[in-house]
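Shown next: target-v1.pdb, containing PDB, C-alpha atoms, pLDDT in the B column.
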```
MODEL        1
ATOM      1  CA  MET A   1      12.845  28.566 -38.260  1.00 50.00           C
ATOM      2  CA  GLN A   2      16.161  30.349 -37.846  1.00 56.00           C
ATOM      3  CA  ILE A   3      15.450  30.898 -34.126  1.00 52.00           C
ATOM      4  CA  PHE A   4      14.687  27.203 -33.626  1.00 47.00           C
ATOM      5  CA  LYS A   5      18.031  26.184 -35.140  1.00 53.00           C
ATOM      6  CA  LYS A   6      19.830  28.698 -32.969  1.00 55.00           C
ATOM      7  CA  TYR A   7      18.244  27.534 -29.688  1.00 55.00           C
ATOM      8  CA  LYS A   8      17.545  23.853 -30.416  1.00 55.00           C
ATOM      9  CA  CYS A   9      20.239  22.695 -27.961  1.00 47.00           C
ATOM     10  CA  ILE A  10      18.700  24.747 -25.149  1.00 53.00           C
ATOM     11  CA  ILE A  11      15.200  23.549 -26.057  1.00 52.00           C
ATOM     12  CA  PHE A  12      16.440  19.948 -26.072  1.00 49.00           C
ATOM     13  CA  LEU A  13      17.973  20.340 -22.593  1.00 45.00           C
ATOM     14  CA  ILE A  14      14.824  21.938 -21.202  1.00 51.00           C
ATOM     15  CA  MET A  15      12.604  19.223 -22.685  1.00 48.00           C
ATOM     16  CA  THR A  16      14.893  16.494 -21.337  1.00 45.00           C
ATOM     17  CA  PHE A  17      14.740  18.056 -17.869  1.00 44.00           C
ATOM     18  CA  LEU A  18      10.942  18.326 -17.976  1.00 41.00           C
ATOM     19  CA  ILE A  19      10.517  14.722 -19.104  1.00 42.00           C
ATOM     20  CA  THR A  20      12.864  13.231 -16.514  1.00 40.00           C
ATOM     21  CA  SER A  21      12.104  15.491 -13.555  1.00 44.00           C
ATOM     22  CA  GLY A  22       9.110  13.386 -12.474  1.00 47.00           C
ATOM     23  CA  THR A  23      11.021  10.126 -12.299  1.00 40.00           C
ATOM     24  CA  THR A  24      13.004   8.718  -9.421  1.00 42.00           C
ATOM     25  CA  CYS A  25      15.906   6.344  -9.503  1.00 40.00           C
ATOM     26  CA  VAL A  26      15.987   3.583  -6.910  1.00 45.00           C
ATOM     27  CA  PRO A  27      19.127   1.479  -6.661  1.00 45.00           C
ATOM     28  CA  THR A  28      18.504  -2.214  -7.212  1.00 46.00           C
ATOM     29  CA  ASP A  29      21.821  -3.382  -5.787  1.00 47.00           C
ATOM     30  CA  THR A  30      21.070  -3.836  -2.068  1.00 45.00           C
ATOM     31  CA  LYS A  31      24.697  -4.762  -1.330  1.00 49.00           C
ATOM     32  CA  SER A  32      25.809  -1.230  -2.091  1.00 50.00           C
ATOM     33  CA  ASN A  33      22.601   0.174  -0.581  1.00 52.00           C
ATOM     34  CA  PRO A  34      21.992  -1.624   2.736  1.00 56.00           C
ATOM     35  CA  ASP A  35      18.909   0.466   3.544  1.00 61.00           C
ATOM     36  CA  PRO A  36      16.341  -0.183   0.785  1.00 67.00           C
ATOM     37  CA  VAL A  37      13.902   2.614   0.048  1.00 75.00           C
ATOM     38  CA  GLU A  38      10.548   2.105   1.749  1.00 83.00           C
ATOM     39  CA  GLU A  39       7.484   2.542  -0.391  1.00 90.00           C
ATOM     40  CA  ARG A  40       3.847   3.070   0.517  1.00 94.00           C
ATOM     41  CA  TYR A  41       1.521   0.078   0.199  1.00 95.00           C
ATOM     42  CA  LEU A  42      -2.159  -0.165   1.057  1.00 96.00           C
ATOM     43  CA  VAL A  43      -4.872  -2.611   1.915  1.00 98.00           C
ATOM     44  CA  SER A  44      -8.522  -1.622   1.698  1.00 98.00           C
ATOM     45  CA  GLY A  45     -11.892  -3.267   1.770  1.00 98.00           C
ATOM     46  CA  SER A  46     -15.239  -3.430   3.496  1.00 98.00           C
ATOM     47  CA  VAL A  47     -16.629  -5.061   6.606  1.00 98.00           C
ATOM     48  CA  ARG A  48     -20.088  -6.592   6.190  1.00 97.00           C
ATOM     49  CA  ASN A  49     -22.453  -8.594   8.355  1.00 96.00           C
ATOM     50  CA  ILE A  50     -24.239 -11.786   7.334  1.00 94.00           C
ATOM     51  CA  GLN A  51     -27.104  -9.700   5.906  1.00 96.00           C
ATOM     52  CA  ASN A  52     -24.483  -8.173   3.546  1.00 95.00           C
ATOM     53  CA  LEU A  53     -24.829  -4.736   5.162  1.00 97.00           C
ATOM     54  CA  THR A  54     -21.646  -2.761   5.739  1.00 96.00           C
ATOM     55  CA  VAL A  55     -20.615  -2.191   9.358  1.00 96.00           C
ATOM     56  CA  PRO A  56     -19.286   1.254  10.337  1.00 96.00           C
ATOM     57  CA  GLY A  57     -17.013   2.022  13.275  1.00 96.00           C
ATOM     58  CA  VAL A  58     -15.214  -1.283  13.791  1.00 97.00           C
ATOM     59  CA  LEU A  59     -11.444  -1.488  14.314  1.00 98.00           C
ATOM     60  CA  VAL A  60      -9.479  -3.093  11.466  1.00 98.00           C
ATOM     61  CA  ARG A  61      -5.824  -4.100  11.790  1.00 98.00           C
ATOM     62  CA  ALA A  62      -3.510  -5.292   9.020  1.00 98.00           C
ATOM     63  CA  PHE A  63      -0.690  -7.734   9.780  1.00 97.00           C
ATOM     64  CA  ASP A  64       2.234  -9.366   8.043  1.00 97.00           C
ATOM     65  CA  TYR A  65       2.083 -13.102   8.766  1.00 96.00           C
ATOM     66  CA  ILE A  66       5.483 -14.439   9.785  1.00 93.00           C
ATOM     67  CA  GLN A  67       5.788 -18.205  10.121  1.00 90.00           C
ATOM     68  CA  ASP A  68       6.877 -19.356  13.612  1.00 90.00           C
ATOM     69  CA  ALA A  69       6.750 -15.780  14.976  1.00 93.00           C
ATOM     70  CA  ASP A  70       4.269 -13.162  16.087  1.00 94.00           C
ATOM     71  CA  PRO A  71       2.687 -11.307  13.177  1.00 95.00           C
ATOM     72  CA  ARG A  72       3.959  -7.787  12.483  1.00 95.00           C
ATOM     73  CA  LEU A  73       1.346  -5.044  12.832  1.00 97.00           C
ATOM     74  CA  LEU A  74       1.319  -2.943   9.649  1.00 97.00           C
ATOM     75  CA  GLY A  75      -1.374  -0.464  10.593  1.00 97.00           C
ATOM     76  CA  GLU A  76      -4.898   0.027  11.856  1.00 97.00           C
ATOM     77  CA  THR A  77      -7.972   2.140  11.298  1.00 98.00           C
ATOM     78  CA  SER A  78     -11.724   2.091  11.837  1.00 97.00           C
ATOM     79  CA  THR A  79     -14.296   1.528   9.136  1.00 97.00           C
ATOM     80  CA  ASN A  80     -15.930   4.727   7.924  1.00 98.00           C
ATOM     81  CA  GLU A  81     -19.666   5.475   8.015  1.00 97.00           C
ATOM     82  CA  ASN A  82     -20.079   3.289   4.911  1.00 97.00           C
ATOM     83  CA  GLY A  83     -18.204   0.306   6.394  1.00 97.00           C
ATOM     84  CA  TYR A  84     -15.037   0.732   4.319  1.00 98.00           C
ATOM     85  CA  TYR A  85     -11.424   1.002   5.454  1.00 98.00           C
ATOM     86  CA  THR A  86      -8.010   1.824   4.005  1.00 98.00           C
ATOM     87  CA  ILE A  87      -4.726   1.124   5.775  1.00 98.00           C
ATOM     88  CA  PHE A  88      -1.458   2.502   4.425  1.00 97.00           C
ATOM     89  CA  TYR A  89       1.821   0.878   5.436  1.00 96.00           C
ATOM     90  CA  MET A  90       5.472   1.132   4.475  1.00 93.00           C
ATOM     91  CA  ASN A  91       7.400  -1.715   2.884  1.00 90.00           C
ATOM     92  CA  SER A  92      10.945  -1.949   1.570  1.00 84.00           C
ATOM     93  CA  GLY A  93      10.097  -4.421  -1.181  1.00 80.00           C
ATOM     94  CA  GLU A  94      10.044  -7.497   1.036  1.00 87.00           C
ATOM     95  CA  GLN A  95       7.343 -10.115   0.567  1.00 92.00           C
ATOM     96  CA  VAL A  96       4.328  -9.347   2.749  1.00 96.00           C
ATOM     97  CA  ASP A  97       1.928 -12.152   3.630  1.00 97.00           C
ATOM     98  CA  LEU A  98      -1.030  -9.991   4.524  1.00 97.00           C
ATOM     99  CA  PHE A  99      -4.049 -10.666   6.696  1.00 98.00           C
ATOM    100  CA  VAL A 100      -6.636  -8.410   8.304  1.00 98.00           C
ATOM    101  CA  ASP A 101      -8.441  -8.670  11.647  1.00 98.00           C
ATOM    102  CA  CYS A 102     -11.624  -6.892  12.718  1.00 97.00           C
ATOM    103  CA  TYR A 103     -12.402  -6.058  16.386  1.00 97.00           C
ATOM    104  CA  ASN A 104     -15.371  -4.680  18.275  1.00 93.00           C
ATOM    105  CA  ALA A 105     -15.156  -1.748  20.722  1.00 90.00           C
ATOM    106  CA  ASP A 106     -13.944  -3.888  23.653  1.00 93.00           C
ATOM    107  CA  GLY A 107     -11.157  -5.459  21.569  1.00 93.00           C
ATOM    108  CA  THR A 108     -12.796  -8.815  20.892  1.00 95.00           C
ATOM    109  CA  LEU A 109     -11.744 -10.379  17.588  1.00 97.00           C
ATOM    110  CA  LEU A 110     -14.781 -10.527  15.298  1.00 96.00           C
ATOM    111  CA  SER A 111     -13.287 -11.793  12.049  1.00 97.00           C
ATOM    112  CA  ARG A 112      -9.947 -12.703  10.466  1.00 97.00           C
ATOM    113  CA  SER A 113      -9.196 -12.872   6.776  1.00 97.00           C
ATOM    114  CA  ASP A 114      -7.231 -15.577   5.030  1.00 97.00           C
ATOM    115  CA  VAL A 115      -3.552 -14.808   4.478  1.00 97.00           C
ATOM    116  CA  LEU A 116      -2.871 -13.138   1.137  1.00 97.00           C
ATOM    117  CA  LEU A 117       0.568 -14.468   0.209  1.00 97.00           C
ATOM    118  CA  ASN A 118       2.981 -12.024  -1.412  1.00 95.00           C
ATOM    119  CA  ALA A 119       0.419  -9.212  -1.285  1.00 96.00           C
ATOM    120  CA  PRO A 120       0.458  -6.667  -4.115  1.00 96.00           C
ATOM    121  CA  ARG A 121       1.097  -2.970  -3.515  1.00 94.00           C
ATOM    122  CA  ASN A 122      -2.664  -2.295  -3.530  1.00 97.00           C
ATOM    123  CA  ALA A 123      -4.554  -5.174  -1.938  1.00 97.00           C
ATOM    124  CA  ARG A 124      -8.261  -5.568  -1.282  1.00 98.00           C
ATOM    125  CA  ILE A 125      -9.519  -7.708   1.585  1.00 98.00           C
ATOM    126  CA  ASP A 126     -13.210  -7.734   2.485  1.00 98.00           C
ATOM    127  CA  LEU A 127     -14.373  -9.181   5.800  1.00 97.00           C
ATOM    128  CA  ILE A 128     -17.715 -10.766   6.679  1.00 95.00           C
ATOM    129  CA  LEU A 129     -18.726 -10.830  10.325  1.00 94.00           C
ATOM    130  CA  PRO A 130     -20.312 -14.025  11.644  1.00 88.00           C
TER     131      PRO A 130
ENDMDL
END
```
Would you put the structure from the file into structure tokens?
Amino acid sequence: MQIFKKYKCIIFLIMTFLITSGTTCVPTDTKSNPDPVEERYLVSGSVRNIQNLTVPGVLVRAFDYIQDADPRLLGETSTNENGYYTIFYMNSGEQVDLFVDCYNADGTLLSRSDVLLNAPRNARIDLILP
């Protein structure tokens, strides 16, 4: 017990460091920080046909819908062997109105999702091919 009393200040500092070392501080005042920190977001889901079978190997693109402008491409990937996809994209905290398109090998649009307004950090959008 005597040793604990003698080194309790050092133990306190070490414990404080260990507890806070995994956290990050992000400024919330964008006036003093003109370049907001970008964070990783994702959209994932499956592509299925009308028989409800997943479709592997199709191109999936995620977009940010912008009214009265061309949509902004967020990322793209192909569905895996099980018909699932995951697209990671960077966002600086702005509202993203997310939609996903699916294309065949020659680039023909096969399906388009509805727009998910103010998409969460981890969104799920499943597509059904006609």
Set the distance at 8 Å and use all atoms listed in the file: which residues neighbour A:Ser113 once local chain neighbours fewer than 4 positions away are removed? I'd like the list as JSON, numbers by chain.
{"A": [99, 100, 101, 125, 126, 127]}
Write the residues of the selection above to a file with C-alpha atoms, as a PDB file, in the frame of the given file.
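Output (out.pdb):
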```
ATOM      1  CA  PHE A  99      -4.049 -10.666   6.696  1.00 98.00           C
ATOM      2  CA  VAL A 100      -6.636  -8.410   8.304  1.00 98.00           C
ATOM      3  CA  ASP A 101      -8.441  -8.670  11.647  1.00 98.00           C
ATOM      4  CA  ILE A 125      -9.519  -7.708   1.585  1.00 98.00           C
ATOM      5  CA  ASP A 126     -13.210  -7.734   2.485  1.00 98.00           C
ATOM      6  CA  LEU A 127     -14.373  -9.181   5.800  1.00 97.00           C
TER       7      LEU A 127
END
```
Hey, what's within 9 Å of A:Tyr89 if we count all atoms listed in the file and toss same-chain stuff fewer than 6 positions away? As a PyMOL selection string, please?
chain A and resi 39-43+62+74-75
Give me, please, the distance in Å between atom CA of A:Pro56 and atom CA of A:Gly107, quoted to one decimal.
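Value for the atom CA of A:Pro56-atom CA of A:Gly107 distance: 15.4 Å.
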Taking the file as shown, what set of residues would the PyMOL selection byres ((chain A and resi 53) around 12) give back, as a VMD selection string?
chain A and resid 46 to 52 54 to 56 81 to 84 127 to 129
Produce a file of the selected residues containing C-alpha atoms, as a compact mmCIF listing (two decimals), keeping the file's coordinate frame.
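After the write, out-v6.txt holds the following:
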```
# COMPACT_ATOMS: atom_id res chain seq x y z
CA SER A 46 -15.24 -3.43 3.50
CA VAL A 47 -16.63 -5.06 6.61
CA ARG A 48 -20.09 -6.59 6.19
CA ASN A 49 -22.45 -8.59 8.36
CA ILE A 50 -24.24 -11.79 7.33
CA GLN A 51 -27.10 -9.70 5.91
CA ASN A 52 -24.48 -8.17 3.55
CA THR A 54 -21.65 -2.76 5.74
CA VAL A 55 -20.62 -2.19 9.36
CA PRO A 56 -19.29 1.25 10.34
CA GLU A 81 -19.67 5.48 8.02
CA ASN A 82 -20.08 3.29 4.91
CA GLY A 83 -18.20 0.31 6.39
CA TYR A 84 -15.04 0.73 4.32
CA LEU A 127 -14.37 -9.18 5.80
CA ILE A 128 -17.72 -10.77 6.68
CA LEU A 129 -18.73 -10.83 10.32
```
Hey, can you check how far atom CA of A:Tyr85 sits from atom CA of A:Val37?
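Pair atom CA of A:Tyr85 / atom CA of A:Val37 returns 25.9 Å.
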To one decimal place in Å, what is the distance between atom CA of A:Gln95 and atom CA of A:Asn80?
28.6 Å
List the residues sitting within 9 Å of (6.4, -4.3, -2.5) in the file's frame, using all atoms listed in the file, as a list of chain:residue names.
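All residues meeting the 9 Å criterion around (6.4, -4.3, -2.5) are A:Glu38, A:Glu39, A:Arg40, A:Tyr41, A:Met90, A:Asn91, A:Ser92, A:Gly93, A:Glu94, A:Gln95, A:Val96, A:Asn118, A:Ala119, A:Pro120, A:Arg121.
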Among the residues A:Asn122, A:Leu110, A:Cys102, A:Asp97, the one that comes closest to A:Gln67 [using only C-alpha atoms]
A:Asp97
Point out the residue among A:Ile66, A:Leu59, A:Ser44, A:Phe88 with the least atom-to-atom distance to A:Asp106, counting only C-alpha atoms.
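Distance minimum relative to A:Asp106 lands on A:Leu59.
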Once you add 3 Å to each side, what are the centre and edge lengths of the axis-aligned box holding all listed atoms of stretch 51-70 of chain A? One decimal in Å, as JSON, if you can.
```
{"center_x": -10.1, "center_y": -8.7, "center_z": 9.8, "size_x": 40.0, "size_y": 27.4, "size_z": 18.5}
```
Starting from the shown file, work through the PyMOL selection byres ((chain A and resi 77) around 8) and note down what comes out as a short mmCIF file (atom, residue, chain, number, x, y, z; two decimals) with C-alpha atoms, in the coordinates of the input.
```
data_model
loop_
_atom_site.label_atom_id
_atom_site.label_comp_id
_atom_site.auth_asym_id
_atom_site.auth_seq_id
_atom_site.Cartn_x
_atom_site.Cartn_y
_atom_site.Cartn_z
CA LEU A 59 -11.44 -1.49 14.31
CA VAL A 60 -9.48 -3.09 11.47
CA ARG A 61 -5.82 -4.10 11.79
CA GLY A 75 -1.37 -0.46 10.59
CA GLU A 76 -4.90 0.03 11.86
CA SER A 78 -11.72 2.09 11.84
CA THR A 79 -14.30 1.53 9.14
CA TYR A 85 -11.42 1.00 5.45
CA THR A 86 -8.01 1.82 4.00
CA ILE A 87 -4.73 1.12 5.78
#
```
